[in-house]
Amino acid sequence: MIVVVTPNPAVDVTYRVARHEPGETNRVLEVQRRPGGKGLNVARVLAGLGVEVLALLPLGGEAGRWVAGELTVPHEVSPLAGETRTTVTVVGEGHPTVYTEPGPQTSEAEWTAFGELLGRRLAGAELLVVSGSLPRGARAELLGDWVRAAHEAGVRVLADVSGPALVAAANAGADVVKPNIAELLDATSTVDENDGVAELKRRGAGLVVVSRGAEGIAAHTAEQVIEIPAVPGVTGNPTGAGDAATAGLAAALVDGVPLAQALRRAAALGAAAVLRPVAGEVDVEAYRRFLEPNGEPA
């Protein structure tokens with residue numbers, strides 16, 4: 001089983017417009033609402049692949065109750081006093097525009113309760129995935145707490161986080177960290193991918209996997225850098241591509257496949273997500289097709 005933590009879930013609203021015109025009245029052609037947050041997107045993709053998954057998330061208010069009621073993956077909720085946030089994605093001609101609220105104000109007591117829930121659910125898990133931002137009032141060091149709790153339970157950790165949380169995960173020795181290139185450079189205050197990776201490894205991170213967007217994905221081990229190009233010619237909505245790639249990497253780690261194969265799965269799933277209108281979904285047939293040139297099963 002893979003346990004997936006979404007520290008800052010959301011009501012994810014997607015507006016489809018013909019063309020997004022800032023400063024003008026934009027007529028919405030279609031609205032979709034669903035439970036959101038990077039970790040929940042990861043969990044949905046994993047469940048769609050047939051992987052046993054348990055989503056853990058803090059939720060609060062009417063929005064939080066709506067999210068819990070709409071979730072279709074196995075999950076457990078830790079209550080918050082504040083209201084769960086909303087994110088809005090505007091999809092039209094050109095690259096989507098995303099508006100993300102910061103999330104509710106949280107307390108240390110609420111995170112203590114969440115940590116206790118996580119500790120109970122790590123028993124029997126094969127991997128912990130932590131994906132997404134932290135809401136207001138949450139210490140970045142929570143990532144370190146969760147990494148250490150997982151390791152005490154004998155569970156590996158994949159952290160797909162950014163900023164100080166990424167540094168905290170590295171400091172605690174996360175087995176895999178997966179920033180995109182911008183997140184890597186920002187968190188490490190470097191201007192070069194290799195320098196950023198070296199800084200995370202110096203702090204204690206294990207495998208560093210860097211998402212390069214249209215340039216593909218790279219895994220930095222102690223001995224080498226394995227680079228896999230992006231699937232060419234894929235266009236659509238890229239907002240959930242990174243989350244799908246994280247799901248592919250997580251599933252491959254649990255399967256124990258070679259690292260290059262794991263990266264190919266991640267790249268193929270990311271591309272398959274671009275073909276779907278909302279984050280947290282993948283075009284499964286396209287995913288299988290993208291893997292065929294390499295002769296790999298999905």
# chains A, B, ... in the order shown; residues from 1 in each chain; ligands from 1
call {"tool": "residues_around", "arguments": {"residues": "Pro58 of chain A", "least_positions_apart": "4", "cutoff": "6 Å", "atoms": "only C-alpha atoms", "output": "CSV table (one decimal) with all heavy atoms, in the first residue's frame"}}
result
chain,number,residue,atom,x,y,z
A,77,VAL,N,-9.6,11.4,7.2
A,77,VAL,CA,-9.5,12.8,7.4
A,77,VAL,C,-9.1,13.2,8.8
A,77,VAL,O,-9.5,12.6,9.8
A,77,VAL,CB,-10.9,13.5,7.1
A,77,VAL,CG1,-10.9,14.9,7.5
A,77,VAL,CG2,-11.3,13.3,5.6
A,78,SER,N,-8.2,14.2,8.9
A,78,SER,CA,-7.9,14.8,10.2
A,78,SER,C,-8.5,16.2,10.2
A,78,SER,O,-8.3,17.0,9.3
A,78,SER,CB,-6.4,14.9,10.4
A,78,SER,OG,-6.0,15.3,11.7
A,79,PRO,N,-9.4,16.5,11.2
A,79,PRO,CA,-10.2,17.7,11.2
A,79,PRO,C,-9.3,19.0,11.4
A,79,PRO,O,-8.4,19.0,12.2
A,79,PRO,CB,-11.2,17.5,12.3
A,79,PRO,CG,-10.6,16.6,13.2
A,79,PRO,CD,-9.7,15.7,12.4
call {"tool": "residues_around", "arguments": {"residues": "segment 123-133 of chain A", "least_positions_apart": "4", "cutoff": "9 Å", "atoms": "only C-alpha atoms", "output": "tab-separated table (two decimals) with N, CA, C and O atoms, in the first residue's frame"}}
result
chain	number	residue	atom	x	y	z
A	1	MET	N	0.83	-1.20	0.00
A	1	MET	CA	0.00	0.00	0.00
A	1	MET	C	0.87	1.25	0.00
A	1	MET	O	1.92	1.28	0.63
A	2	ILE	N	0.40	2.26	-0.70
A	2	ILE	CA	1.06	3.56	-0.70
A	2	ILE	C	0.18	4.54	0.06
A	2	ILE	O	-1.01	4.68	-0.24
A	3	VAL	N	0.74	5.18	1.08
A	3	VAL	CA	0.04	6.22	1.83
A	3	VAL	C	0.40	7.56	1.20
A	3	VAL	O	1.59	7.86	1.01
A	4	VAL	N	-0.60	8.35	0.86
A	4	VAL	CA	-0.38	9.64	0.22
A	4	VAL	C	-0.91	10.75	1.11
A	4	VAL	O	-2.10	10.76	1.47
A	5	VAL	N	-0.05	11.69	1.47
A	5	VAL	CA	-0.43	12.84	2.30
A	5	VAL	C	-0.60	14.06	1.41
A	5	VAL	O	0.29	14.39	0.61
A	6	THR	N	-1.75	14.70	1.54
A	6	THR	CA	-2.01	15.98	0.88
A	6	THR	C	-2.11	17.04	1.97
A	6	THR	O	-3.15	17.19	2.59
A	7	PRO	N	-1.03	17.80	2.24
A	7	PRO	CA	-1.07	18.73	3.37
A	7	PRO	C	-2.06	19.87	3.20
A	7	PRO	O	-2.55	20.42	4.19
A	8	ASN	N	-2.37	20.24	1.95
A	8	ASN	CA	-3.19	21.43	1.70
A	8	ASN	C	-4.22	21.14	0.61
A	8	ASN	O	-4.15	21.71	-0.49
A	9	PRO	N	-5.19	20.27	0.89
A	9	PRO	CA	-6.18	19.91	-0.14
A	9	PRO	C	-7.07	21.10	-0.48
A	9	PRO	O	-7.03	22.15	0.18
A	37	GLY	N	-5.78	19.20	-4.91
A	37	GLY	CA	-4.54	19.19	-4.15
A	37	GLY	C	-3.64	18.16	-4.77
A	37	GLY	O	-4.08	17.11	-5.25
A	38	LYS	N	-2.34	18.44	-4.81
A	38	LYS	CA	-1.41	17.58	-5.53
A	38	LYS	C	-1.45	16.14	-5.04
A	38	LYS	O	-1.45	15.20	-5.85
A	39	GLY	N	-1.48	15.93	-3.73
A	39	GLY	CA	-1.51	14.58	-3.22
A	39	GLY	C	-2.74	13.80	-3.65
A	39	GLY	O	-2.66	12.61	-3.97
A	40	LEU	N	-3.90	14.46	-3.64
A	40	LEU	CA	-5.11	13.77	-4.09
A	40	LEU	C	-5.04	13.43	-5.57
A	40	LEU	O	-5.54	12.39	-5.99
A	42	VAL	N	-2.29	12.66	-7.12
A	42	VAL	CA	-1.42	11.48	-7.12
A	42	VAL	C	-2.20	10.24	-6.73
A	42	VAL	O	-2.10	9.19	-7.38
A	102	PRO	N	-4.09	30.28	-0.28
A	102	PRO	CA	-3.01	29.77	0.57
A	102	PRO	C	-3.42	28.62	1.48
A	102	PRO	O	-2.56	27.87	1.95
A	119	GLY	N	1.06	8.21	11.84
A	119	GLY	CA	1.83	7.17	12.51
A	119	GLY	C	1.08	5.86	12.56
A	119	GLY	O	1.67	4.78	12.38
A	143	LEU	N	7.56	18.31	7.42
A	143	LEU	CA	8.06	17.32	6.47
A	143	LEU	C	9.12	16.44	7.10
A	143	LEU	O	9.14	15.22	6.89
A	146	TRP	N	7.45	13.91	9.39
A	146	TRP	CA	6.80	12.80	8.67
A	146	TRP	C	7.82	11.85	8.07
A	146	TRP	O	7.61	10.63	8.08
A	147	VAL	N	8.92	12.38	7.56
A	147	VAL	CA	9.98	11.51	7.02
A	147	VAL	C	10.54	10.62	8.12
A	147	VAL	O	10.70	9.40	7.95
A	150	ALA	N	8.08	7.90	9.15
A	150	ALA	CA	8.03	6.82	8.16
A	150	ALA	C	9.25	5.91	8.29
A	150	ALA	O	9.13	4.68	8.27
A	153	ALA	N	9.07	3.53	10.99
A	153	ALA	CA	8.15	2.43	10.68
A	153	ALA	C	8.67	1.55	9.55
A	153	ALA	O	7.98	0.62	9.12
A	154	GLY	N	9.87	1.84	9.06
A	154	GLY	CA	10.45	1.04	7.99
A	154	GLY	C	9.87	1.34	6.62
A	154	GLY	O	9.89	0.48	5.73
A	155	VAL	N	9.36	2.56	6.42
A	155	VAL	CA	8.69	2.94	5.19
A	155	VAL	C	9.52	3.99	4.45
A	155	VAL	O	9.98	4.97	5.06
A	156	ARG	N	9.72	3.81	3.16
A	156	ARG	CA	10.42	4.79	2.35
A	156	ARG	C	9.53	6.01	2.09
A	156	ARG	O	8.29	5.91	2.16
A	157	VAL	N	10.16	7.13	1.73
A	157	VAL	CA	9.43	8.38	1.53
A	157	VAL	C	9.80	9.00	0.19
A	157	VAL	O	10.98	9.13	-0.15
A	158	LEU	N	8.76	9.41	-0.56
A	158	LEU	CA	8.90	10.23	-1.76
A	158	LEU	C	8.26	11.57	-1.46
A	158	LEU	O	7.06	11.63	-1.19
A	159	ALA	N	9.04	12.64	-1.50
A	159	ALA	CA	8.52	13.98	-1.18
A	159	ALA	C	8.49	14.83	-2.45
A	159	ALA	O	9.54	15.12	-3.04
A	160	ASP	N	7.29	15.22	-2.84
A	160	ASP	CA	7.09	16.12	-3.99
A	160	ASP	C	6.59	17.45	-3.42
A	160	ASP	O	5.40	17.75	-3.45
A	161	VAL	N	7.52	18.22	-2.88
A	161	VAL	CA	7.20	19.46	-2.19
A	161	VAL	C	8.17	20.54	-2.65
A	161	VAL	O	9.08	20.27	-3.43
A	162	SER	N	7.99	21.76	-2.16
A	162	SER	CA	8.83	22.86	-2.62
A	162	SER	C	9.22	23.76	-1.45
A	162	SER	O	8.74	23.60	-0.33
A	163	GLY	N	10.10	24.72	-1.74
A	163	GLY	CA	10.49	25.72	-0.75
A	163	GLY	C	11.14	25.12	0.48
A	163	GLY	O	11.83	24.10	0.42
A	165	ALA	N	9.90	23.38	2.76
A	165	ALA	CA	9.48	21.99	3.00
A	165	ALA	C	10.38	21.01	2.27
A	165	ALA	O	10.69	19.93	2.78
A	243	ASP	N	1.85	15.74	-11.15
A	243	ASP	CA	1.27	14.83	-10.16
A	243	ASP	C	1.17	13.42	-10.72
A	243	ASP	O	1.44	12.43	-10.01
A	246	THR	N	4.54	11.89	-10.63
A	246	THR	CA	4.86	11.45	-9.27
A	246	THR	C	4.20	10.10	-8.97
A	246	THR	O	4.82	9.21	-8.38
A	247	ALA	N	2.94	9.95	-9.39
A	247	ALA	CA	2.25	8.68	-9.19
A	247	ALA	C	2.96	7.55	-9.92
A	247	ALA	O	3.13	6.44	-9.39
A	250	ALA	N	6.09	6.69	-8.02
A	250	ALA	CA	5.78	5.98	-6.78
A	250	ALA	C	5.42	4.52	-7.05
A	250	ALA	O	5.91	3.61	-6.37
A	253	LEU	N	8.51	2.55	-7.96
A	253	LEU	CA	9.37	2.29	-6.81
A	253	LEU	C	8.87	1.10	-6.01
A	253	LEU	O	9.65	0.25	-5.57
A	254	VAL	N	7.54	1.04	-5.84
A	254	VAL	CA	6.96	-0.09	-5.11
A	254	VAL	C	7.13	-1.38	-5.90
A	254	VAL	O	7.37	-2.45	-5.33
call {"tool": "residues_around", "arguments": {"residues": "Val11 of chain A", "least_positions_apart": "4", "cutoff": "10 Å", "atoms": "only C-alpha atoms", "output": "NGL selection string"}}
result
:A and (33-37 or 63-64 or 66-67 or 84-88)
call {"tool": "closest_residue", "arguments": {"among": "A:Val73, A:Leu275, A:Leu291, A:Val90", "to": "Arg27 of chain A", "atoms": "only C-alpha atoms"}}
result
A:Val90
call {"tool": "closest_atom_pairs", "arguments": {"of": "segment 144-243 of chain A", "to": "segment 137-140 of chain A", "cutoff": "8 Å", "atoms": "only C-alpha atoms", "output": "tab-separated table"}}
result
residue	atom	partner	partner_atom	distance
A:Gly144	CA	A:Ala140	CA	7.8
A:Pro164	CA	A:Ala140	CA	5.7
A:Ala165	CA	A:Ala140	CA	4.5
A:Ala168	CA	A:Ala140	CA	6.4
call {"tool": "closest_residue", "arguments": {"among": "A:Gly82, A:Glu223, A:Val234, A:Ala198", "to": "Arg136 of chain A", "atoms": "only C-alpha atoms"}}
result
A:Gly82
call {"tool": "residues_around", "arguments": {"residues": "Gly173 of chain A", "least_positions_apart": "2", "cutoff": "9 Å", "atoms": "only C-alpha atoms", "output": "count of residues only"}}
result
15
call {"tool": "select_by_dssp", "arguments": {"residues": "segment 212-248 of chain A", "states": "helix (DSSP H, G or I)", "output": "list in words"}}
result
Gly213, Ala214, Glu215, Pro238, Thr239, Gly240, Ala241, Gly242, Asp243, Ala244, Ala245, Thr246, Ala247 and Gly248 of chain A
call {"tool": "write_last_selection", "arguments": {"atoms": "C-alpha atoms", "output": "PDB file, in the first residue's frame"}}
result
ATOM      1  CA  GLY A 213       8.772  19.938 -18.079  1.00  0.00           C
ATOM      2  CA  ALA A 214       9.018  19.769 -21.861  1.00  0.00           C
ATOM      3  CA  GLU A 215      12.659  18.702 -21.463  1.00  0.00           C
ATOM      4  CA  PRO A 238      -0.592  20.284 -18.277  1.00  0.00           C
ATOM      5  CA  THR A 239      -1.783  21.197 -14.761  1.00  0.00           C
ATOM      6  CA  GLY A 240      -1.838  17.598 -13.500  1.00  0.00           C
ATOM      7  CA  ALA A 241       1.148  16.281 -15.435  1.00  0.00           C
ATOM      8  CA  GLY A 242       3.632  16.580 -12.572  1.00  0.00           C
ATOM      9  CA  ASP A 243       1.275  14.833 -10.162  1.00  0.00           C
ATOM     10  CA  ALA A 244       0.721  11.975 -12.613  1.00  0.00           C
ATOM     11  CA  ALA A 245       4.485  11.658 -13.047  1.00  0.00           C
ATOM     12  CA  THR A 246       4.855  11.446  -9.265  1.00  0.00           C
ATOM     13  CA  ALA A 247       2.248   8.675  -9.194  1.00  0.00           C
ATOM     14  CA  GLY A 248       4.109   6.783 -11.912  1.00  0.00           C
TER      15      GLY A 248
END
call {"tool": "closest_residue", "arguments": {"among": "A:Glu193, A:Glu227, A:Asp186, A:Glu76", "to": "Arg120 of chain A", "atoms": "only C-alpha atoms"}}
result
A:Glu76
call {"tool": "atom_distance", "arguments": {"atom1": "atom CA of Arg276 of chain A", "atom2": "atom CA of Asp12 of chain A"}}
result
14.9 Å
call {"tool": "select_by_dssp", "arguments": {"residues": "segment 23-265 of chain A", "states": "strand (DSSP E)", "output": "NGL selection string"}}
result
:A and (28-36 or 53-60 or 75-80 or 85-91 or 97-100 or 127-131 or 156-160 or 176-177 or 207-211 or 217-220 or 225-228)
call {"tool": "closest_residue", "arguments": {"among": "A:Ala187, A:Ala81, A:Leu166, A:Ala18", "to": "Pro104 of chain A", "atoms": "only C-alpha atoms"}}
result
A:Ala81
call {"tool": "atom_distance", "arguments": {"atom1": "atom CA of Phe114 of chain A", "atom2": "atom CA of His151 of chain A"}}
result
17.1 Å
call {"tool": "atom_distance", "arguments": {"atom1": "atom CA of Arg121 of chain A", "atom2": "atom CA of Gly69 of chain A"}}
result
20.8 Å
call {"tool": "closest_residue", "arguments": {"among": "A:Ala10, A:Ala55, A:Val197, A:Leu263", "to": "Ile217 of chain A", "atoms": "only C-alpha atoms"}}
result
A:Leu263
